[in-house]
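See structure below.
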Amino acid sequence: MSATLIKDVKSKFLDTFGEEPLLVFSPGRINIIGEHTDYNDGFVFPAAVDKGIAAAIQKSDTGSCCAYAVDKESKVEFELDKIKPQHEGAWVNYVFGVVAEIQNRNKVIGDFNIVFKGDIPGGAGMSSSAALENSVVFGLNELFELGLSKHEMILISQKAEHNYVGVKCGIMDQYASMFGIKNNALHLDCRTVESKPYEIDFKDHQLMLINTNVKHSLSDSAYNDRRSACESISELLGVKALRDATEADLETIIDKVTPANYQKALYVIQENARTLKAAKAIEDGDLETLGKLIYQSHDGLSNQYKVSCDELDFLVEQAKKNKHVLGARMMGGGFGGCTINLVAKNEAKAFAETASKAYLKKFDKECSVYFIELSQGTHVVK
Ligand code: GAF
């Protein structure tokens, strides 16, 4: 967590509202493996990171509320009983969504002011949205003593995203951001919403992110389309979710689905199995196997689930050419954002440099490299 970020939101709050705020930090996340499995009731393997959203929040006695996004230099004033979704892409939808979902649960909040600022680049696929939602619900829970559990808070954040932002996301991002544990990744069962922490110490290897710095449009609608394709195939199979289906089950309905949707469902079933195997590989310290599973995950995301893009595929190809990279894949919803790479520690910088140069040459734009630390979930900063 960046101390400067916290200092910045605190001083902006003091300057703007003249009061001492409560300070909350809510992290973004990485995901080792298990992509697009969460809304299929499957398994994922995320971890909270040291980048995220810092929020300063306090009660207001002016008769209205104010949300201030420092990064966007944008302030929105609103009244609690007049909240409704704003146009697509409006950042304040994250705040309004959380407020509305708290109210839907008959919890009473009063007027408040909030200032926030983040250090996760937008569109990086590191869940700045979940971090923002969690910071708002966590801050309001503290401020108005709502008595919400962490599980209730992440469901509120998820519903905010569904109903106000319009992305029918699973629970992975909100969970990882809220429940993160320092130096651990969480092997999360998205059906029970319970996780087992795995201490991540890859000895002479490490995880490294490379951000394509692109986010292709239509990614939200493509995300929702995939979710509904998975749901309709589950219905055809007579199961609650694809988590309950096997490859053999899927074959029984091969004539009833399009080849494209067949491949998507197959990907989900296979990715779920890979995520379980990855947990075993981490337990055994078998990084070769983990790396292979990560490469297979990318292959499935690109060729079967069709959520990759040229920039992501190119970075994974760069990784494959380098024998010091054991695995690489796109991370998050797709259509841009980061690749996650499992790379030898003493070769990581050299790989980052080679890949960055090749990327610049190919796409005439820069990519960005992040060395991340696995960190604690959403918390109050004293
Ligand atoms: C996005 C969503 F928000 C998550 O719920 C998850 O589905 C992910 O894409 C893909 O694994 O981050």
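Naming scheme: A, B, ... for chains in displayed order of the structure tokens; residues 1 onward per chain; ligands 1 onward as shown.
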For ligand 1, return the neighbouring residues as an mmCIF file with N, CA and C atoms, in the first residue's frame (distance at most 6 Å; only C-alpha atoms and all ligand atoms).
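Result file follows (result03.cif):
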```cif
data_model
loop_
_atom_site.group_PDB
_atom_site.id
_atom_site.type_symbol
_atom_site.label_atom_id
_atom_site.label_comp_id
_atom_site.auth_asym_id
_atom_site.auth_seq_id
_atom_site.Cartn_x
_atom_site.Cartn_y
_atom_site.Cartn_z
ATOM 1 N N GLU A 35 -9.817 -18.562 -14.659
ATOM 2 C CA GLU A 35 -10.381 -17.339 -15.252
ATOM 3 C C GLU A 35 -11.739 -17.667 -15.864
ATOM 4 N N HIS A 36 -12.705 -16.798 -15.593
ATOM 5 C CA HIS A 36 -14.092 -16.991 -16.060
ATOM 6 C C HIS A 36 -14.710 -18.269 -15.498
ATOM 7 N N ASP A 38 -15.475 -18.172 -12.042
ATOM 8 C CA ASP A 38 -16.179 -17.776 -10.802
ATOM 9 C C ASP A 38 -17.694 -17.755 -10.974
ATOM 10 N N CYS A 169 -20.628 -9.618 -13.123
ATOM 11 C CA CYS A 169 -19.381 -10.262 -12.687
ATOM 12 C C CYS A 169 -19.631 -11.384 -11.678
ATOM 13 N N GLY A 170 -18.622 -12.238 -11.532
ATOM 14 C CA GLY A 170 -18.651 -13.250 -10.483
ATOM 15 C C GLY A 170 -18.206 -12.623 -9.166
ATOM 16 N N ILE A 171 -17.738 -13.458 -8.233
ATOM 17 C CA ILE A 171 -17.421 -12.940 -6.899
ATOM 18 C C ILE A 171 -15.904 -12.845 -6.642
ATOM 19 N N MET A 172 -15.104 -13.327 -7.605
ATOM 20 C CA MET A 172 -13.660 -13.415 -7.354
ATOM 21 C C MET A 172 -13.029 -12.086 -6.926
ATOM 22 N N ASP A 173 -13.305 -11.027 -7.679
ATOM 23 C CA ASP A 173 -12.574 -9.779 -7.472
ATOM 24 C C ASP A 173 -12.900 -9.171 -6.109
ATOM 25 N N GLY A 332 -7.701 -11.861 -15.756
ATOM 26 C CA GLY A 332 -8.920 -11.062 -15.588
ATOM 27 C C GLY A 332 -9.908 -11.305 -16.716
ATOM 28 N N GLY A 333 -10.791 -10.334 -16.922
ATOM 29 C CA GLY A 333 -11.871 -10.490 -17.903
ATOM 30 C C GLY A 333 -11.386 -10.622 -19.338
#
```
Discussion item. Show me, as number ranges by chain, the residues that have an atom within 7 Å of stretch 42-55 of chain A when counting only C-alpha atoms, minus same-chain residues fewer than 2 positions from it.
Written reply: A: 1, 5-6, 9, 23-35, 37-38, 40, 57, 114-120, 128, 131-132, 135, 176-177, 180, 184-191, 243, 272, 275, 372-377
Apply DSSP to the backbone of this structure and, from stretch 14-160 of chain A, keep only the residues in alpha helix (DSSP H); write these as a compact mmCIF listing (two decimals) with N, CA and C atoms, in the first residue's frame.
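Listing of states-v3.txt after writing:
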```
# COMPACT_ATOMS: atom_id res chain seq x y z
N LEU A 14 -9.25 16.87 4.00
CA LEU A 14 -9.15 17.99 4.95
C LEU A 14 -9.35 19.33 4.25
N ASP A 15 -8.69 19.47 3.08
CA ASP A 15 -8.81 20.72 2.31
C ASP A 15 -10.25 20.96 1.86
N THR A 16 -10.92 19.89 1.43
CA THR A 16 -12.25 20.06 0.84
C THR A 16 -13.35 20.16 1.89
N PHE A 17 -13.25 19.33 2.94
CA PHE A 17 -14.37 19.27 3.89
C PHE A 17 -14.01 19.75 5.30
N VAL A 92 -19.18 7.34 -10.89
CA VAL A 92 -19.99 7.47 -9.68
C VAL A 92 -20.98 6.31 -9.54
N ASN A 93 -21.20 5.55 -10.62
CA ASN A 93 -22.08 4.38 -10.54
C ASN A 93 -21.59 3.38 -9.49
N TYR A 94 -20.26 3.32 -9.30
CA TYR A 94 -19.73 2.38 -8.30
C TYR A 94 -20.15 2.81 -6.90
N VAL A 95 -20.13 4.11 -6.67
CA VAL A 95 -20.52 4.64 -5.36
C VAL A 95 -22.04 4.51 -5.18
N PHE A 96 -22.79 4.98 -6.17
CA PHE A 96 -24.25 4.92 -6.09
C PHE A 96 -24.72 3.47 -5.94
N GLY A 97 -24.09 2.58 -6.70
CA GLY A 97 -24.49 1.16 -6.66
C GLY A 97 -24.36 0.60 -5.26
N VAL A 98 -23.24 0.89 -4.62
CA VAL A 98 -23.02 0.38 -3.26
C VAL A 98 -24.05 0.98 -2.29
N VAL A 99 -24.26 2.29 -2.40
CA VAL A 99 -25.23 2.94 -1.51
C VAL A 99 -26.62 2.32 -1.70
N ALA A 100 -27.02 2.15 -2.96
CA ALA A 100 -28.35 1.60 -3.24
C ALA A 100 -28.49 0.17 -2.71
N GLU A 101 -27.43 -0.63 -2.86
CA GLU A 101 -27.51 -2.02 -2.40
C GLU A 101 -27.53 -2.09 -0.87
N ILE A 102 -26.87 -1.16 -0.21
CA ILE A 102 -26.94 -1.12 1.26
C ILE A 102 -28.38 -0.78 1.67
N GLN A 103 -28.94 0.22 0.98
CA GLN A 103 -30.32 0.62 1.30
C GLN A 103 -31.30 -0.51 1.02
N ASN A 104 -31.05 -1.28 -0.05
CA ASN A 104 -31.93 -2.42 -0.36
C ASN A 104 -31.97 -3.44 0.75
N SER A 128 -9.69 -2.68 -10.27
CA SER A 128 -9.85 -1.39 -9.60
C SER A 128 -11.33 -1.18 -9.23
N SER A 129 -12.25 -1.76 -10.01
CA SER A 129 -13.68 -1.59 -9.71
C SER A 129 -14.05 -2.22 -8.38
N ALA A 130 -13.62 -3.48 -8.19
CA ALA A 130 -13.95 -4.16 -6.94
C ALA A 130 -13.31 -3.43 -5.76
N ALA A 131 -12.08 -2.93 -5.97
CA ALA A 131 -11.39 -2.22 -4.90
C ALA A 131 -12.19 -0.97 -4.51
N LEU A 132 -12.69 -0.27 -5.52
CA LEU A 132 -13.47 0.94 -5.25
C LEU A 132 -14.77 0.60 -4.50
N GLU A 133 -15.51 -0.39 -5.03
CA GLU A 133 -16.77 -0.79 -4.37
C GLU A 133 -16.52 -1.19 -2.92
N ASN A 134 -15.48 -2.02 -2.73
CA ASN A 134 -15.19 -2.49 -1.37
C ASN A 134 -14.79 -1.35 -0.44
N SER A 135 -14.07 -0.36 -0.98
CA SER A 135 -13.66 0.74 -0.11
C SER A 135 -14.89 1.52 0.35
N VAL A 136 -15.88 1.65 -0.54
CA VAL A 136 -17.08 2.42 -0.18
C VAL A 136 -17.91 1.65 0.85
N VAL A 137 -18.16 0.36 0.57
CA VAL A 137 -19.02 -0.39 1.50
C VAL A 137 -18.32 -0.57 2.85
N PHE A 138 -17.01 -0.78 2.82
CA PHE A 138 -16.25 -0.97 4.07
C PHE A 138 -16.26 0.32 4.89
N GLY A 139 -16.04 1.44 4.21
CA GLY A 139 -16.03 2.74 4.89
C GLY A 139 -17.39 3.06 5.49
N LEU A 140 -18.46 2.82 4.72
CA LEU A 140 -19.81 3.13 5.22
C LEU A 140 -20.18 2.21 6.38
N ASN A 141 -19.75 0.97 6.30
CA ASN A 141 -20.03 0.00 7.37
C ASN A 141 -19.39 0.46 8.69
N GLU A 142 -18.17 0.97 8.59
CA GLU A 142 -17.46 1.46 9.78
C GLU A 142 -18.13 2.72 10.32
N LEU A 143 -18.36 3.64 9.38
CA LEU A 143 -18.84 4.98 9.75
C LEU A 143 -20.21 4.94 10.42
N LYS A 150 -18.01 -9.33 6.32
CA LYS A 150 -17.25 -9.17 5.07
C LYS A 150 -17.95 -9.88 3.92
N HIS A 151 -18.57 -11.02 4.21
CA HIS A 151 -19.30 -11.73 3.15
C HIS A 151 -20.48 -10.89 2.64
N GLU A 152 -21.19 -10.25 3.55
CA GLU A 152 -22.31 -9.40 3.12
C GLU A 152 -21.78 -8.22 2.30
N MET A 153 -20.65 -7.68 2.74
CA MET A 153 -20.11 -6.51 2.02
C MET A 153 -19.72 -6.85 0.59
N ILE A 154 -19.12 -8.04 0.39
CA ILE A 154 -18.70 -8.33 -1.00
C ILE A 154 -19.92 -8.63 -1.88
N LEU A 155 -21.00 -9.14 -1.28
CA LEU A 155 -22.20 -9.35 -2.09
C LEU A 155 -22.82 -8.01 -2.49
N ILE A 156 -22.73 -7.05 -1.59
CA ILE A 156 -23.21 -5.69 -1.91
C ILE A 156 -22.38 -5.10 -3.06
N SER A 157 -21.06 -5.26 -2.96
CA SER A 157 -20.18 -4.74 -4.02
C SER A 157 -20.50 -5.42 -5.36
N GLN A 158 -20.70 -6.72 -5.31
CA GLN A 158 -20.99 -7.45 -6.56
C GLN A 158 -22.32 -7.00 -7.17
N LYS A 159 -23.33 -6.85 -6.31
CA LYS A 159 -24.66 -6.41 -6.81
C LYS A 159 -24.58 -4.99 -7.38
N ALA A 160 -23.74 -4.16 -6.76
CA ALA A 160 -23.56 -2.79 -7.27
C ALA A 160 -23.06 -2.86 -8.71
```
Fill in: Shell of 8 Å around A:Leu80, only C-alpha atoms, local chain residues under 4 positions omitted, as a PyMOL selection string
chain A and resi 64-65+99+110-111
Worksheet entry | Nearest to A:Lys59 by atom-to-atom distance, counting only C-alpha atoms, from A:Val76, A:Ile200, A:Ile210, A:Ile109 |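 Ranked by minimum distance to A:Lys59, first place goes to A:Ile109.
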Item to complete: Determine, counting only C-alpha atoms, which protein, DNA and RNA residues have an atom within 7 Å of an atom of stretch 283-292 of chain A; residues of the same chain fewer than 6 positions away are not included. Present the result as a PyMOL selection string.
Response: chain A and resi 326-327+342
Produce a file of the selected residues containing C-alpha atoms, as an mmCIF file, in the first residue's frame.
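Contents of again-v3.cif, as written:
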```
data_model
loop_
_atom_site.group_PDB
_atom_site.id
_atom_site.type_symbol
_atom_site.label_atom_id
_atom_site.label_comp_id
_atom_site.auth_asym_id
_atom_site.auth_seq_id
_atom_site.Cartn_x
_atom_site.Cartn_y
_atom_site.Cartn_z
ATOM 1 C CA LEU A 326 7.617 -21.158 -16.847
ATOM 2 C CA GLY A 327 4.109 -19.882 -17.612
ATOM 3 C CA LEU A 342 5.820 -17.026 -13.657
#
```
Practice prompt. Excluding A:Gly300 and any residue of its chain fewer than 4 positions from it, enumerate the residues within 12 Å of it, using only C-alpha atoms, and give them as a ChimeraX atom specification.
Written response: /A:33-36,263-272,274,293-296,304-308,313,329-330
Worksheet entry | Contacts of A:Gly337 within 10 Å, only C-alpha atoms, excl. fewer than 4 positions in-chain, as a ChimeraX atom specification | /A:121-126,209-216,308-309,311-312,330-333,367
Practice prompt. Going by DSSP on the backbone, which bits of stretch 176-369 of chain A are strand (DSSP E)? Write them as a PyMOL selection string, please.
Written response: chain A and resi 184-189+194-199+205-215+325-330+336-344+368-369
Discussion item. List the spatial neighbours of stretch 238-240 of chain A as a PyMOL selection string - criterion: any atom at most 12 Å away, only C-alpha atoms, same-chain residues fewer than 3 positions off excluded.
Written reply: chain A and resi 39-42+191+230-235+243-246+249-250+252-253
Worksheet item: In terms of the shortest atom-to-atom distance over only C-alpha atoms, which of A:Val167, A:Met178, A:Ala319, A:Leu146 is closest to A:Thr378?
Response: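 For A:Thr378, the nearest of the given residues is A:Met178.
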Worksheet item: What does the distance from atom CA of A:Ala328 to atom CA of A:Phe351 come to in Å, to one decimal?
Response: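 One can read the atom CA of A:Ala328 to atom CA of A:Phe351 distance as 12.1 Å.
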